[in-house]
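Asks: Input: one structure, supplied below.
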Amino acid sequence: MAATNPTPSEFIRHHLTNLTYGQHPDGSWGLAESAQQAADMGMMAFHVDSLFWSLVLGVTFLWVFRSVAKKATAGEPGMMQNFVEWIVEFIDDNVRGSFRAKNDLVAPMALTLFCWIFLMNFMDLLPVEVLPRAAEFFFGLHFQKIVPSTDPNITFGLGLSVFGLMLYYSLKIKGPIGFAAELTMHPFEAKNPLLKVLFIPVNFFLEFVSLISKPISHSLRLFGNMYAGEMIFILISIMFSSLSAWILVGGALQFVWAVFHILIITLQAFIFMVLTIVYMDMAHDNHAH
Amino acid sequence: MNLNLTMLVQAGFFFLFVWFSKVYVWTPLISALNERKTKIADGLAAAEKGQAAEEEARKEAEQVIAEAKNQASQIIANAEKRGGVVVEEAKATASSEKERIIASAQAEVEQDVHKARESLRTQVSSIAVAAAGKIAAKEIDESAHADLLQDLVQQLES
């Protein structure tokens with residue numbers, strides 16, 4: 001952050017810019033020094049901060065769960081094992097409730113998504129300025145967005161991966177013809193062959209839109225909620241950094257929004273997980289047409 | 001909203017994490033949970049079985065105790081009866097012994113009396129003879145009057 005006091009719009013823009021490593025228009029690779037440079041990199045860029053925090057949080061989750069799983073006994077569980085088992089059983093219940101087919105990948109995937117997204121969302125509860133300032137102070141990094149789920153790249157990375165798995169299992173379970181039939185024989189059905197053929201483009205259009213909307217809504221829902229939440233934190237922090245008289249009000253608002261946000265981050269992680277389970281169930285739902 | 005290669009890397013993380021979570025986290029945890037479930041079920045079944053066995057043992061013990069009580073009371077009754085019989089027997093023996101002793105004592109007494117009477121009679125007869133001898137020394141011939149004397153002795157005997 002610049003030494004001089006930034007205007008609110010500078011402050012917001014600063015907080016919404018990722019630490020970007022990518023190819024400059026002149027062909028050389030490096031960190032972007034400004035939001036403009038980052039935008040100029042286009043597709044050939046990586047959001048180092050998002051990926052770093054996403055990786056750290058994912059590894060944290062796996063490390064904690066792995067250390068429990070390694071010592072997991074069928075006997076009396078310890079405190080940590082109790083906690084982990086509680087989460088595992090919660091996920092298991094959800095998967096059993098919505099996923100009717102048999103696939104051993106779905107439950108671990110739901111667990112990973114829920115915990116990982118929860119942790120990524122949780123970064124939102126850390127005071128907005130703390131980690132970016134620390135990153136600037138210790139490493140001289142100009143930009144730092146610490147909530148990976150406010151980065152659409154992260155949510156689309158997850159949502160499209162789930163979509164990919166959904167397509168994969170749809171093709172695997174229903175076969176190419178079954179999958180194509182699912183896309184073209186609904187929602188308008190007819191006995192008459194001619195009518196059937198006429199309905200194919202209409203059906204395909206409707207079904208295709210609904211298919212494509214799945215990963216987009218899946219990813220954007222998480223991104224939108226977290227982005228909006230983060231934005232409110234930024235606005236509140238602008239409020240009391242502009243005038244010290246606002247500190248009490250700002251602090252109270254910050255607290256209230258943080259408490260409310262605990263609900264949102266959990267809920268969004270849960271929704272993402274449940275939708276994943278439901279999409280996987282649809283992919284496995286092989287009812288002959 | 002600038003989409004870029006971040007997405008691909010994130011997708012890579014995703015598949016890596018899901019694979020790791022499936023192999024090293026989910027499988028051992030779920031198997032531990034299932035194992036505990038069966039353990040608890042076994043434990044509950046065993047407890048139920050133990051309870052049933054205990055109930056049975058208790059019933060059996062009650063039966064044994066009742067039998068023992070029954071037997072004991074029977075034994076006591078028998079003993080009482082037997083005691084009565086023994087006492088009766090002892091009484092009978094004692095009374096017959098008493099009678100026997102009394103009878104023998106009576107017989108002895110009678111014998112003594114008889115003996116005394118006999119000796120007395122002999123003495124009386126000899127005294128009488130002596131007296132009679134003295135009185136009739138001169139006028140009575142002992143042999144002539146033997147019949148008379150004998151008569152006298154017989155009278156004394158009776």
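Chain identifiers are assigned as A, B, and so on, following the order in which chains appear in the structure tokens; residues are numbered from 1 within each chain, and ligands are numbered from 1 in order of appearance.
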Set the distance at 9 Å and use only C-alpha atoms: which residues neighbour Phe99 (chain A) once local chain neighbours fewer than 3 positions away are removed? I'd like the list as a VMD selection string.
Replies: chain A and resid 94 to 96 102 to 103 106 277 to 278 280 to 282 284
Asks: Set the cut-off to 6 Å and count only C-alpha atoms: what are the residues of chain A that reach chain B? Output as JSON, numbers by chain.
Replies: {"A": [43, 45, 46, 47, 66, 69, 73, 74, 108, 109, 153, 154, 157, 158, 161]}
Asks: In Å to one decimal, how far is CA of Ile238 (chain A) from CA of Pro6 (chain A)?
Replies: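 According to the coordinates, CA of Pro6 (chain A) and CA of Ile238 (chain A) are separated by 10.0 Å.
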Asks: With distances taken over only C-alpha atoms, which of A:Leu248, A:Ile87, A:Ala181, A:Thr60 is nearest to Val197 (chain A)?
Replies: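 Answer, going by the shortest atom-to-atom distance: A:Ala181.
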Asks: What is the distance, in Å and to one decimal place, between CA of Met41 (chain A) and CA of Trp29 (chain A)?
Replies: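 These two atoms are separated by 9.5 Å.
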Asks: At what distance in Å, to one decimal, does CA of Phe205 (chain A) lie from CA of Gly159 (chain A)?
Replies: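 Value for the CA of Gly159 (chain A)-CA of Phe205 (chain A) distance: 21.7 Å.
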